[in-house]
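All remarks here apply to the structure that follows.
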Amino acid sequence: MMLSASPTSLAKSSLEEMLESLRRRDEGEKPKDLPPALPARPTSKARLPSCRRSLPPDFKVDGNGIKFGEVSAVPSEVRARAEGKRKEEQFRVRRSSFGSKKMRKELNLDSPYSAEAAEGKNGVGMEVADDGGTEENLFKIAEKKGGELEWDVNDNIGYFIKKKLRVWYQLPNGQWDSGTIKSTSGEESYVSLANGNVIRVSTGDLFPANPEILEGADDLIELSYLNEPSVLHNLKYRYTQDMIYSKAGPVLIALNPFKHVQLYGNDFVTAYRQKTNDSPHVYALADTAYNEMMKGGVNQSIIISGESGAGKTETAKLTMQYLAAVSGGSGGIEHEILQTSYILEAFGNAKTSRNDNSSRFGKLIEIHFSKLGKISGAKIQTFLLEKSRVVQLSISERSYHVFYQLCAGAPASLKEKLNLMTAKEYMYLNQSDCLVINGVDDAKKFNKLMEALDILQICKEDQEHAFAMLAAVLWLGNISFQVIDNENHVEALADEAASSAAKLLGCGIHELIVALSTHKIWAGKDSIAKKLTMQQAIKMRDALAKFIYASLFDWLVKQINKSLEVGKSCTGRSISILDIYGFESFKKNSFEQFCINYANERLQQHFNRHLLKLAQEEYELDGVDWTKVDFEDNQDCLDLFEKKPLGLLSLLDEESKFPNATDLTFANKLKQHLNANPCFKSDRGRAFGVRHYAGEVLYDTNGFLEKNPDPMQFELVQLLSSCSCELPRLFASKMLNQSSKPISLSDAPKQSVGLKFKSQLFKLMNQLENTAPHFIRCIMPNTKQLPGKYEEDLILQQLRCCGILEVVRISRCGYPSRMAHQEFAERYGFLLLGSNVVQDPLSISVAVLQRFNILPEMYQVGYTKLYLRTGQIGALEDKRKQVLQGIIGVQKYFRGNQIRCHFHELKEGATKIQSFIRGENIRRKHAIGVERWTAIAPQVLDEQLKAVTFLQSVIRGWLAQKHFNNMCNSEKSNIESVKSKRKSGRKISEVKDLPQEQQIQVLPSVWAELQRRVVQAETTLGQKEEENKGLQKQLRQYQARWSEYEARMKSMEEMWQKQMSSLQVSLTAARKSLHADNAAGQPGKIDGPTSPYDSEGATSLESRTPGGSTPIKFASDVPDAWPGRETNGTLTAVSHLVKEFEQQRQAFEDDAKPLIKGKIIQQSSHTNPNEELRRLKLKFETWKKDYKVRLREAKARLHKVGHSEGRRKWWGMLSSKAT
């Protein structure tokens, strides 16, 4: 062990130095002007032997650290040991002696902790509970008889007078008030009140008051003076400010506000989850449990206790809401778990005289979580439902909520099906004269119940069956009986109640009446039916109603558990929330209150065990210098209930087996055997009293022997098993399975209610022992359930009963943070500097504490553990976190550099490997590609050659066809020209035959010239005819060649036919349009003599279309023999027009043929056939208009020329030759 690197300091850092510092502190003088409440920890009559004298005899300290060897005890320690024993004997008072031989000898073996006690388990590990508070808050106190703490008046009275500090004193009415001490006289003091009055009180009845700055402290540990009036004042101050939550060390105190307070909702959930709000709250405690479960993997439990009406049910719901919010939100399984509250409250809660929503059963909700902290499922366990409330009610109380909700909120169809009436018409509900609760709408509650059942996936059919059972219970209560003979035997009436109950149960009305009116007595295999009296029949009816309702409740919980069943994602992590009925004390307390208060005694023992017993026992066993804190132990009361064979439960079970036993005989037996027990109080008649931890309760044994066996007659079981409805048969089969001999059902169940409830409690305690507990103490501030009313006596009684003050004292004076030496050294040993640190865990632990200047009074060194006061672990954790952050920072940079260097090396190597691999891959791919293309190249080449050859054949065919068409067109043009000339000759002869009066007079010279020309024309005509014959011969040759070409192109034309169809249609329309325009532009016959040019123009225009083939030749071949200059000009103009027409026609044909063949000559990349066609048409229209104008002008000029008779004869002769 070392504080620095030097050997000298190494020796000083041992446990001996720590003990010497403690001794010097105890021997030092106190400052005179210091408040007397801040001295060192005093030696009291209950102080244990100090740590120094508790060390083993072989404990040795040397320069090298701490060793175990042979060394004699220090004389001063021997004197201290003797002094401690003397004080313990002198000031010994009656209290629990933990770990003493007497206690071990009288240990109750019939206890859920007996197995653990026998094994002698002593957990060694880390236990941390930093809950605030410091050693400086400890004030000088002394114990007086009864375990109450008081201040040392003789030492402090002068200081309080000098500083004018406040003190508490009790008024005659029991209330506490504050004032200041003016003076003292012997055992009396004069106290000045706030109103100026001075009163004289006993000095021993004064208690110091806390400074005003501590008013409303969150944690009672923070109070300078811990006494009852200070605690009451602090809670009252917070309660008036709507701060209903306070802390008492590890315990959360919750005062019922009886109103809505603005402390809940999503904003508060977020605040406590993010640690932005640290005030006491149920959310904070739930968050602590959740975090401890996730970090340590230890199952947690939240135990909510308190009297009836203290708000336990609402606290449990708030806890579940927070866990559902932090683990996943409001959907899915979380929402289903929250909805269970509506169902369980409806079927298991009722209005009592002290609480409008009292839980009449106990429940443990075990919520399971996945590894990620999400809720994976839940399981609900229930304990001891109060069945008697179904059939019997006290004044101003109600039965279970679901009955009133069903009658008020059921839809009309369901009411008609169940034959429901209002609640006041059912005897089971109207007997208490309380049908409604102020501020509660039963109809709305029923709608919420239906929604909850749907969310939990309980089908509509099952819901209707459940409501049918509820209605059947109500109708059973209305069944009445009539006396049928002189022996007071009765029989059930077959009225509406009996018929409705039988219908809802699914049995016959006769079978129901017989089962309620008779009882079978078995004699071997034979049975005898015996009529029942009025009282017996009513008990039989009520027993059936209670059994149906209790079985329905169990069935409903089973259905809920099926819906919330934990799946495969369960990891064993869970948080259990225990909400069980609180302590009850009424004017008349029966078997139900007996069991409820027994359960609360067992829970109080669990509370004492974990917060009071185990901690102090651990201090004693581990040799810690500790001043014991006395508290009220309820082990004697538990022994009164549980011991065998003379415990209350054992005697009740024994008396229940006697056939002639009565409630009075049972009470007398209790008084006979238990009068010596200090917790038992005998009373007159059938009553007896029990001194519980929360006060004395007087019980009436009336009904104990009947309710404990809870009989169920065999006739009723047979009736239910014969019903047609599913649920009654299911209830009956469950009852039959509990007993191997059905005949014995007429006597009693296999196990009594009391013993069954005891076994359930033991199982519950064992389950809670395996969890880390968190306690919430709910306090009822007043009995009137009014907001803002604070009854100090009632609250003080509850604080005393649950041991809050003792818990605060232990938390303040104790060491909530505990850690084994080995674990402490492993966790904080690295904080020591230097290289020569010793390896002993104890030396390392003490060295760490001194290294960070933790005062000796802030910790204790035990045999196995190191004990630290509140806040010290937090300081060490901050130092550890700071050092770890620095270490992690250095490691981060070093590892980063290492990783970067390694990464660059890997990257360089990877790049090289990738280059080689990629090159190899490319080479392989190239080789494969070459092989593949080599294999398929011939085939591809053949296909390409075929395609090229086919394309060339098509193109060559098209060119040949085009050339052939051009030849044909030119041949046709020649033929047409010859025909035109023949027609012209005929027209000339016709002109010659005109009458004399119509012929124009021609001069003789002109006439001679014309005759000469005629002769010449006839000679030329003969030559042309010869040429025509040669051309006809060539035509026949061309036609033969055409037939050959046509046969060859026929197949190609068929293929092109479909492609040219659309263009041909368009071209045909254009041709028709052109033909129509030409026809419209041709002048009609004139009234005067017909000119040969008129017929010639008409003929040429009518025969010309863009698709025409043979041109017609006109007078270009005729000699210009017209007389006069005008005639020659006219003939020349006509010849020019003919030539122009032929040229334009040929040009348009050439432009139209590519359109016909689908091969448009594209001048640009964006040219398309439609645009080309429109352009050609526009060009044709423009030329046509211009040509028409010039043609009309030529015709007009021809009409002006005269014609002579000789000319008419010449035209006539020419016409006759032509014919």
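Every chain in the structure tokens has a letter given in the order shown (A, B, ...), and although residue numbers restart at 1 in each chain, ligands are simply numbered from 1 in the order shown.
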Near-Ser432 (chain A) list (10 Å; only C-alpha atoms; drop same-chain fewer than 2 positions) as an mmCIF file with all heavy atoms, in the first residue's frame:
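That gives us out-v6.cif:
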data_model
loop_
_atom_site.group_PDB
_atom_site.id
_atom_site.type_symbol
_atom_site.label_atom_id
_atom_site.label_comp_id
_atom_site.auth_asym_id
_atom_site.auth_seq_id
_atom_site.Cartn_x
_atom_site.Cartn_y
_atom_site.Cartn_z
ATOM 1 N N GLN A 392 -72.515 -10.259 0.079
ATOM 2 C CA GLN A 392 -72.794 -9.560 1.342
ATOM 3 C C GLN A 392 -72.058 -8.234 1.355
ATOM 4 O O GLN A 392 -70.842 -8.179 1.093
ATOM 5 C CB GLN A 392 -72.347 -10.420 2.530
ATOM 6 C CG GLN A 392 -72.705 -9.827 3.883
ATOM 7 C CD GLN A 392 -72.300 -10.744 5.027
ATOM 8 O OE1 GLN A 392 -71.741 -11.820 4.791
ATOM 9 N NE2 GLN A 392 -72.572 -10.337 6.258
ATOM 10 N N LEU A 393 -72.782 -7.152 1.647
ATOM 11 C CA LEU A 393 -72.207 -5.819 1.651
ATOM 12 C C LEU A 393 -72.547 -5.102 2.938
ATOM 13 O O LEU A 393 -73.617 -5.332 3.537
ATOM 14 C CB LEU A 393 -72.727 -4.994 0.465
ATOM 15 C CG LEU A 393 -72.415 -5.510 -0.945
ATOM 16 C CD1 LEU A 393 -73.108 -4.637 -1.983
ATOM 17 C CD2 LEU A 393 -70.920 -5.525 -1.184
ATOM 18 N N SER A 394 -71.635 -4.233 3.349
ATOM 19 C CA SER A 394 -71.902 -3.364 4.487
ATOM 20 C C SER A 394 -72.535 -2.073 3.992
ATOM 21 O O SER A 394 -72.519 -1.762 2.797
ATOM 22 C CB SER A 394 -70.597 -3.066 5.240
ATOM 23 O OG SER A 394 -70.004 -4.259 5.707
ATOM 24 N N ILE A 395 -73.061 -1.322 4.927
ATOM 25 C CA ILE A 395 -73.712 -0.064 4.568
ATOM 26 C C ILE A 395 -72.681 0.883 3.961
ATOM 27 O O ILE A 395 -71.533 0.967 4.403
ATOM 28 C CB ILE A 395 -74.365 0.568 5.817
ATOM 29 C CG1 ILE A 395 -75.413 -0.389 6.399
ATOM 30 C CG2 ILE A 395 -75.015 1.910 5.452
ATOM 31 C CD1 ILE A 395 -76.539 -0.723 5.446
ATOM 32 N N SER A 396 -73.100 1.593 2.919
ATOM 33 C CA SER A 396 -72.296 2.586 2.187
ATOM 34 C C SER A 396 -71.151 1.952 1.411
ATOM 35 O O SER A 396 -70.213 2.650 1.013
ATOM 36 C CB SER A 396 -71.748 3.668 3.130
ATOM 37 O OG SER A 396 -70.687 3.164 3.919
ATOM 38 N N GLU A 397 -71.229 0.658 1.177
ATOM 39 C CA GLU A 397 -70.224 -0.005 0.348
ATOM 40 C C GLU A 397 -70.886 -0.562 -0.907
ATOM 41 O O GLU A 397 -72.108 -0.699 -0.977
ATOM 42 C CB GLU A 397 -69.512 -1.116 1.121
ATOM 43 C CG GLU A 397 -68.649 -0.619 2.266
ATOM 44 C CD GLU A 397 -67.804 -1.732 2.856
ATOM 45 O OE1 GLU A 397 -68.000 -2.902 2.452
ATOM 46 O OE2 GLU A 397 -66.944 -1.453 3.714
ATOM 47 N N ARG A 398 -70.074 -0.886 -1.878
ATOM 48 C CA ARG A 398 -70.584 -1.462 -3.117
ATOM 49 C C ARG A 398 -69.885 -2.788 -3.395
ATOM 50 O O ARG A 398 -68.814 -3.089 -2.870
ATOM 51 C CB ARG A 398 -70.314 -0.533 -4.314
ATOM 52 C CG ARG A 398 -71.074 0.748 -4.314
ATOM 53 C CD ARG A 398 -71.303 1.324 -5.710
ATOM 54 N NE ARG A 398 -70.206 1.205 -6.632
ATOM 55 C CZ ARG A 398 -70.265 1.575 -7.919
ATOM 56 N NH1 ARG A 398 -71.389 2.097 -8.397
ATOM 57 N NH2 ARG A 398 -69.227 1.436 -8.716
ATOM 58 N N SER A 399 -70.528 -3.570 -4.251
ATOM 59 C CA SER A 399 -69.895 -4.791 -4.729
ATOM 60 C C SER A 399 -68.860 -4.418 -5.792
ATOM 61 O O SER A 399 -68.495 -3.246 -5.940
ATOM 62 C CB SER A 399 -70.958 -5.736 -5.302
ATOM 63 O OG SER A 399 -70.377 -6.972 -5.665
ATOM 64 N N MET A 427 -80.792 -7.896 -5.630
ATOM 65 C CA MET A 427 -80.615 -7.940 -4.183
ATOM 66 C C MET A 427 -79.145 -7.881 -3.780
ATOM 67 O O MET A 427 -78.785 -7.274 -2.770
ATOM 68 C CB MET A 427 -81.244 -9.229 -3.644
ATOM 69 C CG MET A 427 -81.359 -9.284 -2.118
ATOM 70 S SD MET A 427 -79.884 -9.876 -1.283
ATOM 71 C CE MET A 427 -79.850 -11.578 -1.830
ATOM 72 N N TYR A 428 -78.270 -8.507 -4.567
ATOM 73 C CA TYR A 428 -76.844 -8.480 -4.242
ATOM 74 C C TYR A 428 -76.262 -7.071 -4.307
ATOM 75 O O TYR A 428 -75.219 -6.804 -3.714
ATOM 76 C CB TYR A 428 -76.060 -9.379 -5.209
ATOM 77 C CG TYR A 428 -76.136 -10.848 -4.871
ATOM 78 C CD1 TYR A 428 -75.829 -11.817 -5.818
ATOM 79 C CD2 TYR A 428 -76.514 -11.286 -3.607
ATOM 80 C CE1 TYR A 428 -75.877 -13.173 -5.526
ATOM 81 C CE2 TYR A 428 -76.585 -12.647 -3.294
ATOM 82 C CZ TYR A 428 -76.270 -13.581 -4.254
ATOM 83 O OH TYR A 428 -76.332 -14.920 -3.952
ATOM 84 N N LEU A 429 -76.910 -6.155 -5.030
ATOM 85 C CA LEU A 429 -76.395 -4.806 -5.198
ATOM 86 C C LEU A 429 -77.111 -3.764 -4.357
ATOM 87 O O LEU A 429 -76.497 -2.768 -3.962
ATOM 88 C CB LEU A 429 -76.466 -4.399 -6.682
ATOM 89 C CG LEU A 429 -75.766 -5.323 -7.691
ATOM 90 C CD1 LEU A 429 -75.898 -4.759 -9.103
ATOM 91 C CD2 LEU A 429 -74.296 -5.519 -7.339
ATOM 92 N N ASN A 430 -78.397 -3.954 -4.103
ATOM 93 C CA ASN A 430 -79.164 -2.904 -3.413
ATOM 94 C C ASN A 430 -79.177 -3.058 -1.898
ATOM 95 O O ASN A 430 -79.780 -2.245 -1.204
ATOM 96 C CB ASN A 430 -80.596 -2.859 -3.936
ATOM 97 C CG ASN A 430 -81.325 -4.183 -3.716
ATOM 98 O OD1 ASN A 430 -80.967 -4.984 -2.865
ATOM 99 N ND2 ASN A 430 -82.380 -4.410 -4.501
ATOM 100 N N CYS A 434 -76.134 1.776 -1.600
ATOM 101 C CA CYS A 434 -75.095 2.583 -2.254
ATOM 102 C C CYS A 434 -74.913 2.023 -3.653
ATOM 103 O O CYS A 434 -74.329 0.947 -3.827
ATOM 104 C CB CYS A 434 -73.784 2.527 -1.464
ATOM 105 S SG CYS A 434 -72.461 3.509 -2.209
ATOM 106 N N LEU A 435 -75.427 2.737 -4.646
ATOM 107 C CA LEU A 435 -75.393 2.254 -6.024
ATOM 108 C C LEU A 435 -74.480 3.060 -6.928
ATOM 109 O O LEU A 435 -74.094 2.580 -8.000
ATOM 110 C CB LEU A 435 -76.821 2.257 -6.608
ATOM 111 C CG LEU A 435 -77.825 1.348 -5.910
ATOM 112 C CD1 LEU A 435 -79.214 1.532 -6.514
ATOM 113 C CD2 LEU A 435 -77.400 -0.109 -6.009
#
Where in region 243-293 of chain A does DSSP assign strand (DSSP E), given as a list in words? Tyr245, Ser246, Lys247, Ala248, Val251, Leu252, Ile253, Ala254 and Leu255 of chain A
Which polymer residues have any atom within 10 Å of an atom of region 786-789 of chain A, counting only C-alpha atoms, with same-chain residues fewer than 3 positions away left out, as a ChimeraX atom specification? /A:236,239-242,256-260,781-783,792
